[in-house]
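Structure file upload-v9.cif with mmCIF, C-alpha atoms:
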data_model
#
loop_
_atom_site.label_atom_id
_atom_site.label_comp_id
_atom_site.auth_asym_id
_atom_site.auth_seq_id
_atom_site.Cartn_x
_atom_site.Cartn_y
_atom_site.Cartn_z
CA MET A 1 2.44 2.03 4.06
CA GLY A 2 3.82 0.29 0.94
CA ASP A 3 0.50 0.06 -0.93
CA ARG A 4 -0.39 1.75 -4.20
CA TRP A 5 -3.65 3.67 -4.38
CA HIS A 6 -6.02 4.92 -7.03
CA VAL A 7 -7.41 8.34 -6.06
CA GLU A 8 -10.54 9.87 -7.55
CA VAL A 9 -12.46 13.06 -6.86
CA ASP A 10 -16.21 13.08 -7.43
CA ARG A 11 -16.44 16.43 -9.15
CA SER A 12 -20.20 16.50 -8.72
CA LEU A 13 -19.60 16.63 -4.96
CA CYS A 14 -16.47 18.80 -4.82
CA ILE A 15 -17.21 22.29 -3.48
CA GLY A 16 -13.70 23.68 -3.94
CA SER A 17 -12.91 24.08 -0.24
CA ALA A 18 -9.24 23.28 -0.98
CA GLN A 19 -8.91 21.21 2.19
CA CYS A 20 -7.25 18.56 0.02
CA LEU A 21 -4.56 21.07 -0.97
CA HIS A 22 -4.06 22.03 2.64
CA HIS A 23 -3.46 18.42 3.71
CA ALA A 24 -1.73 17.08 0.58
CA PRO A 25 -0.45 19.97 -1.56
CA ALA A 26 1.50 17.63 -3.85
CA GLY A 27 -1.46 15.27 -4.22
CA PHE A 28 -4.21 17.53 -5.55
CA ARG A 29 -4.78 20.42 -7.93
CA LEU A 30 -7.68 22.83 -8.39
CA ASP A 31 -8.78 23.65 -11.91
CA PRO A 32 -9.98 27.14 -12.92
CA ALA A 33 -13.50 26.23 -11.73
CA ARG A 34 -12.00 25.38 -8.28
CA GLN A 35 -12.76 21.69 -8.76
CA SER A 36 -10.22 19.33 -7.26
CA HIS A 37 -8.49 16.50 -9.07
CA PRO A 38 -5.62 14.21 -8.06
CA ALA A 39 -2.19 15.26 -9.29
CA ALA A 40 -1.50 11.58 -10.04
CA PRO A 41 -4.53 9.26 -9.89
CA ASP A 42 -2.31 6.23 -9.25
CA THR A 43 0.07 6.97 -6.41
CA ASP A 44 1.91 5.52 -3.46
CA ALA A 45 -0.16 5.35 -0.29
CA SER A 46 0.47 8.38 1.90
CA GLU A 47 -0.75 9.77 5.18
CA GLN A 48 -1.20 13.18 3.52
CA VAL A 49 -3.56 11.90 0.82
CA LEU A 50 -5.53 9.94 3.42
CA ALA A 51 -5.76 13.07 5.60
CA ALA A 52 -7.01 15.03 2.59
CA ALA A 53 -9.77 12.48 2.02
CA GLU A 54 -10.69 12.33 5.70
CA ASN A 55 -10.92 16.12 5.93
CA CYS A 56 -12.87 16.75 2.73
CA PRO A 57 -16.08 18.37 4.00
CA VAL A 58 -18.23 16.55 1.43
CA GLU A 59 -16.28 13.24 1.21
CA ALA A 60 -15.63 13.78 -2.50
CA ILE A 61 -12.33 11.85 -2.44
CA LEU A 62 -12.37 8.11 -3.06
CA ILE A 63 -9.25 6.02 -2.44
CA THR A 64 -9.01 2.39 -3.54
CA LEU A 65 -6.17 -0.12 -3.57
CA LEU A 66 -4.64 -0.52 -7.01
CA GLY A 67 -5.10 -4.02 -8.32
CA THR A 68 -7.88 -5.12 -5.98
CA GLY A 69 -10.18 -2.08 -6.01
CA GLU A 70 -10.66 -2.51 -2.26
CA THR A 71 -11.94 0.70 -0.69
CA VAL A 72 -9.47 2.55 1.54
CA PHE A 73 -11.64 5.67 1.99
CA PRO A 74 -14.43 6.43 2.68
CA PRO A 75 -14.96 3.58 5.10
CA GLU A 76 -17.82 1.27 4.26
CA GLU A 77 -20.72 1.82 6.62
#
Would you mind writing the file out in structure tokens?
Amino acid sequence: MGDRWHVEVDRSLCIGSAQCLHHAPAGFRLDPARQSHPAAPDTDASEQVLAAAENCPVEAILITLLGTGETVFPPEE
């Protein structure tokens, strides 16, 4: 992919399903309250992180391009 991403988790939406950990175990962590957060908010683009965002049941994961802020996920409707 070659791009760099900024990854955020909207903790007000996160339900702790851990789907992000299933798809990108190195990309996300759960805190003691089972709320997800990115292991490294600024990271290289990866299929695993994108899969984690796509499979989050509440779309709590936001991915933007570093530098431009262009949305990678969720897709604009």
With distances taken over all atoms listed in the file, the candidate from A:Pro74, A:Trp5, A:Glu59, A:Ala24 nearest A:Pro41 is A:Trp5
Counting only C-alpha atoms, closest pick from A:Pro32, A:Gly27, A:Gly16, A:Pro57 relative to A:Asp44 is A:Gly27
Compile the contact shell of A:Ser12 as an mmCIF file with C-alpha atoms, keeping the file's coordinate frame: residues with an atom at most 10 Å away, counting only C-alpha atoms, same-chain residues fewer than 2 positions apart removed.
data_model
loop_
_atom_site.group_PDB
_atom_site.id
_atom_site.type_symbol
_atom_site.label_atom_id
_atom_site.label_comp_id
_atom_site.auth_asym_id
_atom_site.auth_seq_id
_atom_site.Cartn_x
_atom_site.Cartn_y
_atom_site.Cartn_z
ATOM 1 C CA VAL A 9 -12.460 13.060 -6.860
ATOM 2 C CA ASP A 10 -16.210 13.080 -7.430
ATOM 3 C CA CYS A 14 -16.470 18.800 -4.820
ATOM 4 C CA ILE A 15 -17.210 22.290 -3.480
ATOM 5 C CA GLN A 35 -12.760 21.690 -8.760
ATOM 6 C CA ALA A 60 -15.630 13.780 -2.500
#
Inset, instruction - Quick one: everything within 10 Å of A:Thr43, counting only C-alpha atoms, minus sequence neighbours fewer than 5 positions away in the same chain. Send it as a list in words. - result: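 Surrounding residues, per the criterion: Asp3, Arg4, Trp5, His6, Val7, Gly27, Pro38, Val49, Leu65 and Leu66 of chain A.
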Need to verify the contact set: A:Ala52, 9 Å, all atoms listed in the file, exclusion of same-chain residues closer than 6 positions in sequence. Can you return it as a compact mmCIF listing (two decimals) with C-alpha atoms, in the frame of the given file?
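The resulting file, selection.txt, is reproduced below:
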# COMPACT_ATOMS: atom_id res chain seq x y z
CA GLN A 19 -8.91 21.21 2.19
CA CYS A 20 -7.25 18.56 0.02
CA LEU A 21 -4.56 21.07 -0.97
CA HIS A 22 -4.06 22.03 2.64
CA HIS A 23 -3.46 18.42 3.71
CA ALA A 24 -1.73 17.08 0.58
CA GLY A 27 -1.46 15.27 -4.22
CA PHE A 28 -4.21 17.53 -5.55
CA ILE A 61 -12.33 11.85 -2.44
